[in-house]
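Content type PDB, C-alpha atoms, from the file my_file31.pdb:
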```pdb
ATOM      1  CA  MET A   1     266.384  77.944 133.783  1.00  0.00           C
ATOM      2  CA  GLY A   2     265.884  74.731 131.897  1.00  0.00           C
ATOM      3  CA  LEU A   3     266.862  74.107 128.298  1.00  0.00           C
ATOM      4  CA  ARG A   4     263.236  73.949 127.168  1.00  0.00           C
ATOM      5  CA  LYS A   5     262.480  77.393 128.560  1.00  0.00           C
ATOM      6  CA  TRP A   6     265.720  78.795 127.104  1.00  0.00           C
ATOM      7  CA  VAL A   7     264.832  77.556 123.612  1.00  0.00           C
ATOM      8  CA  GLN A   8     261.281  78.925 123.861  1.00  0.00           C
ATOM      9  CA  GLU A   9     262.451  82.478 124.630  1.00  0.00           C
ATOM     10  CA  LYS A  10     261.930  85.148 121.981  1.00  0.00           C
ATOM     11  CA  TRP A  11     265.263  85.475 120.136  1.00  0.00           C
ATOM     12  CA  VAL A  12     266.070  88.687 118.282  1.00  0.00           C
ATOM     13  CA  ASP A  13     268.860  89.957 116.017  1.00  0.00           C
ATOM     14  CA  ILE A  14     270.692  92.837 117.722  1.00  0.00           C
ATOM     15  CA  GLY A  15     272.663  93.506 114.529  1.00  0.00           C
ATOM     16  CA  ALA A  16     269.571  94.695 112.659  1.00  0.00           C
ATOM     17  CA  PRO A  17     267.493  97.003 114.855  1.00  0.00           C
ATOM     18  CA  LYS A  18     264.358  98.621 113.459  1.00  0.00           C
ATOM     19  CA  LYS A  19     263.918 102.404 113.438  1.00  0.00           C
ATOM     20  CA  ASP A  20     261.284 102.290 116.182  1.00  0.00           C
ATOM     21  CA  GLY A  21     263.723 100.622 118.626  1.00  0.00           C
ATOM     22  CA  LYS A  22     262.389  97.088 118.193  1.00  0.00           C
ATOM     23  CA  TYR A  23     264.382  94.161 116.828  1.00  0.00           C
ATOM     24  CA  GLN A  24     263.929  91.825 113.899  1.00  0.00           C
ATOM     25  CA  PRO A  25     263.398  88.157 114.715  1.00  0.00           C
ATOM     26  CA  CYS A  26     266.506  85.991 114.742  1.00  0.00           C
ATOM     27  CA  GLY A  27     267.655  84.225 111.584  1.00  0.00           C
ATOM     28  CA  ARG A  28     267.311  84.834 107.883  1.00  0.00           C
ATOM     29  CA  SER A  29     264.706  83.771 105.369  1.00  0.00           C
ATOM     30  CA  LYS A  30     265.696  82.138 102.098  1.00  0.00           C
ATOM     31  CA  GLY A  31     266.661  84.642  99.446  1.00  0.00           C
ATOM     32  CA  ILE A  32     267.271  87.500 101.888  1.00  0.00           C
ATOM     33  CA  LYS A  33     270.866  88.698 101.769  1.00  0.00           C
ATOM     34  CA  ARG A  34     271.939  90.476 104.934  1.00  0.00           C
ATOM     35  CA  LYS A  35     274.907  90.257 107.239  1.00  0.00           C
ATOM     36  CA  ASP A  36     275.334  87.517 109.831  1.00  0.00           C
ATOM     37  CA  PRO A  37     272.719  87.850 112.578  1.00  0.00           C
ATOM     38  CA  LYS A  38     273.857  88.151 116.204  1.00  0.00           C
ATOM     39  CA  CYS A  39     270.995  86.564 118.094  1.00  0.00           C
ATOM     40  CA  VAL A  40     270.261  86.973 121.789  1.00  0.00           C
ATOM     41  CA  PRO A  41     267.112  86.559 123.887  1.00  0.00           C
ATOM     42  CA  LEU A  42     264.941  89.692 123.925  1.00  0.00           C
ATOM     43  CA  ALA A  43     265.361  90.065 127.705  1.00  0.00           C
ATOM     44  CA  LYS A  44     269.167  90.198 127.325  1.00  0.00           C
ATOM     45  CA  ALA A  45     268.959  92.574 124.342  1.00  0.00           C
ATOM     46  CA  THR A  46     266.974  95.117 126.327  1.00  0.00           C
ATOM     47  CA  ARG A  47     269.508  95.011 129.209  1.00  0.00           C
ATOM     48  CA  MET A  48     272.551  95.524 126.964  1.00  0.00           C
ATOM     49  CA  SER A  49     273.983  98.996 126.404  1.00  0.00           C
ATOM     50  CA  LYS A  50     274.435 100.421 122.927  1.00  0.00           C
ATOM     51  CA  GLY A  51     278.204  99.836 123.151  1.00  0.00           C
ATOM     52  CA  GLN A  52     277.791  96.217 124.264  1.00  0.00           C
ATOM     53  CA  LYS A  53     275.497  95.519 121.310  1.00  0.00           C
ATOM     54  CA  ALA A  54     277.902  97.145 118.840  1.00  0.00           C
ATOM     55  CA  SER A  55     280.856  95.194 120.278  1.00  0.00           C
ATOM     56  CA  ALA A  56     279.023  91.865 120.086  1.00  0.00           C
ATOM     57  CA  VAL A  57     277.913  92.443 116.489  1.00  0.00           C
ATOM     58  CA  LYS A  58     281.424  93.589 115.480  1.00  0.00           C
ATOM     59  CA  ARG A  59     283.023  90.441 116.931  1.00  0.00           C
ATOM     60  CA  LYS A  60     280.409  88.209 115.277  1.00  0.00           C
ATOM     61  CA  ARG A  61     281.028  89.725 111.850  1.00  0.00           C
ATOM     62  CA  ALA A  62     284.815  89.675 112.304  1.00  0.00           C
ATOM     63  CA  ALA A  63     284.670  85.927 113.053  1.00  0.00           C
ATOM     64  CA  GLY A  64     283.328  85.316 109.573  1.00  0.00           C
ATOM     65  CA  ASN A  65     281.518  82.249 108.360  1.00  0.00           C
ATOM     66  CA  PRO A  66     284.126  79.620 107.445  1.00  0.00           C
ATOM     67  CA  GLY A  67     282.801  76.501 105.805  1.00  0.00           C
ATOM     68  CA  GLY A  68     279.229  77.780 105.686  1.00  0.00           C
ATOM     69  CA  LYS A  69     278.628  76.928 109.336  1.00  0.00           C
ATOM     70  CA  PRO A  70     277.416  79.515 111.855  1.00  0.00           C
ATOM     71  CA  THR A  71     280.079  80.745 114.247  1.00  0.00           C
ATOM     72  CA  ASN A  72     279.324  81.110 117.956  1.00  0.00           C
ATOM     73  CA  VAL A  73     280.755  84.284 119.481  1.00  0.00           C
ATOM     74  CA  SER A  74     280.371  85.217 123.131  1.00  0.00           C
ATOM     75  CA  THR A  75     277.985  88.095 123.741  1.00  0.00           C
ATOM     76  CA  PHE A  76     280.187  89.772 126.355  1.00  0.00           C
ATOM     77  CA  THR A  77     283.987  90.052 126.358  1.00  0.00           C
ATOM     78  CA  LYS A  78     286.114  88.740 129.200  1.00  0.00           C
ATOM     79  CA  ARG A  79     287.255  91.341 131.737  1.00  0.00           C
ATOM     80  CA  THR A  80     290.940  91.877 132.446  1.00  0.00           C
ATOM     81  CA  LYS A  81     292.441  92.970 135.736  1.00  0.00           C
ATOM     82  CA  ALA A  82     292.855  96.730 135.822  1.00  0.00           C
ATOM     83  CA  MET A  83     296.323  96.995 137.335  1.00  0.00           C
ATOM     84  CA  GLY A  84     298.011  93.611 137.121  1.00  0.00           C
ATOM     85  CA  GLY A  85     298.867  93.559 133.438  1.00  0.00           C
ATOM     86  CA  GLY A  86     295.711  94.972 131.930  1.00  0.00           C
ATOM     87  CA  PHE A  87     295.038  98.259 130.198  1.00  0.00           C
ATOM     88  CA  MET A  88     296.095 100.580 133.017  1.00  0.00           C
ATOM     89  CA  ALA A  89     299.423  98.819 133.626  1.00  0.00           C
ATOM     90  CA  LYS A  90     300.361  99.066 129.971  1.00  0.00           C
ATOM     91  CA  ARG A  91     299.308 102.681 129.804  1.00  0.00           C
ATOM     92  CA  GLN A  92     301.283 103.746 132.866  1.00  0.00           C
ATOM     93  CA  ASN A  93     304.229 101.372 132.248  1.00  0.00           C
ATOM     94  CA  MET A  94     303.717  99.852 135.675  1.00  0.00           C
ATOM     95  CA  ARG A  95     303.958  96.215 136.567  1.00  0.00           C
ATOM     96  CA  MET A  96     303.073  94.640 139.878  1.00  0.00           C
ATOM     97  CA  ILE A  97     306.010  92.640 141.144  1.00  0.00           C
TER      98      ILE A  97
END
```
Conversion result in structure tokens:
Amino acid sequence: MGLRKWVQEKWVDIGAPKKDGKYQPCGRSKGIKRKDPKCVPLAKATRMSKGQKASAVKRKRAAGNPGGKPTNVSTFTKRTKAMGGGFMAKRQNMRMI
């Protein structure tokens, strides 16, 4: 996909869903005070699970807004290896040698 097409996609704020399941458009108008928007293309927003949306919004808000500039936060977290030092190894006190 080219940059032009990417920019022309419909961007929505997954941090502020409407009651009917739709999303508000991305960004904020002057004078409106609401939390930092987490914007993604509508096609991606519909594919994301409820937990993925909550995680992305939580990380965006935790990053803050230092210096008045918007902060880019990845939409999805990086995966860790299950047994080689990730969650399961720590939980079971096992290490692969």
- Test item: which residues lie within 12 Å of (266.5, 77.3, 118.3) counting all atoms listed in the file, as an NGL selection string: :A and (3-12 or 25-27 or 39-41)
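In this model, the gap between CA of Arg61 (chain A) and CA of Ser74 (chain A) comes to 12.2 Å.
Picture a line from CA of Arg28 (chain A) to CA of Lys78 (chain A); it runs 28.7 Å.
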- One decimal, Å: what's the distance from CA of Lys58 (chain A) over to CA of Ser29 (chain A), could you say? 21.9 Å
Counting only C-alpha atoms, what is within 12 Å of Gln52 (chain A), bar same-chain residues fewer than 3 positions away, as a PDB file with C-alpha atoms, in the coordinates of the input?
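Listed below is the output, selection35.pdb:
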```pdb
ATOM      1  CA  ILE A  14     270.692  92.837 117.722  1.00  0.00           C
ATOM      2  CA  GLY A  15     272.663  93.506 114.529  1.00  0.00           C
ATOM      3  CA  LYS A  44     269.167  90.198 127.325  1.00  0.00           C
ATOM      4  CA  ALA A  45     268.959  92.574 124.342  1.00  0.00           C
ATOM      5  CA  THR A  46     266.974  95.117 126.327  1.00  0.00           C
ATOM      6  CA  ARG A  47     269.508  95.011 129.209  1.00  0.00           C
ATOM      7  CA  MET A  48     272.551  95.524 126.964  1.00  0.00           C
ATOM      8  CA  SER A  49     273.983  98.996 126.404  1.00  0.00           C
ATOM      9  CA  SER A  55     280.856  95.194 120.278  1.00  0.00           C
ATOM     10  CA  ALA A  56     279.023  91.865 120.086  1.00  0.00           C
ATOM     11  CA  VAL A  57     277.913  92.443 116.489  1.00  0.00           C
ATOM     12  CA  LYS A  58     281.424  93.589 115.480  1.00  0.00           C
ATOM     13  CA  ARG A  59     283.023  90.441 116.931  1.00  0.00           C
ATOM     14  CA  SER A  74     280.371  85.217 123.131  1.00  0.00           C
ATOM     15  CA  THR A  75     277.985  88.095 123.741  1.00  0.00           C
ATOM     16  CA  PHE A  76     280.187  89.772 126.355  1.00  0.00           C
ATOM     17  CA  THR A  77     283.987  90.052 126.358  1.00  0.00           C
TER      18      THR A  77
END
```
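Minimum distance to Val73 (chain A) across A:Ala16, A:Tyr23, A:Ala43, A:Lys38 (counting only C-alpha atoms) occurs at A:Lys38.
The closest residue to Lys53 (chain A), picked from A:Pro17, A:Ile32, A:Lys69, A:Met1 and counting all atoms listed in the file, is A:Pro17.
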- Note on the structure: Counting only C-alpha atoms, closest pick from A:Lys60, A:Arg79, A:Gly67, A:Gly2 relative to Lys35 (chain A) is A:Lys60
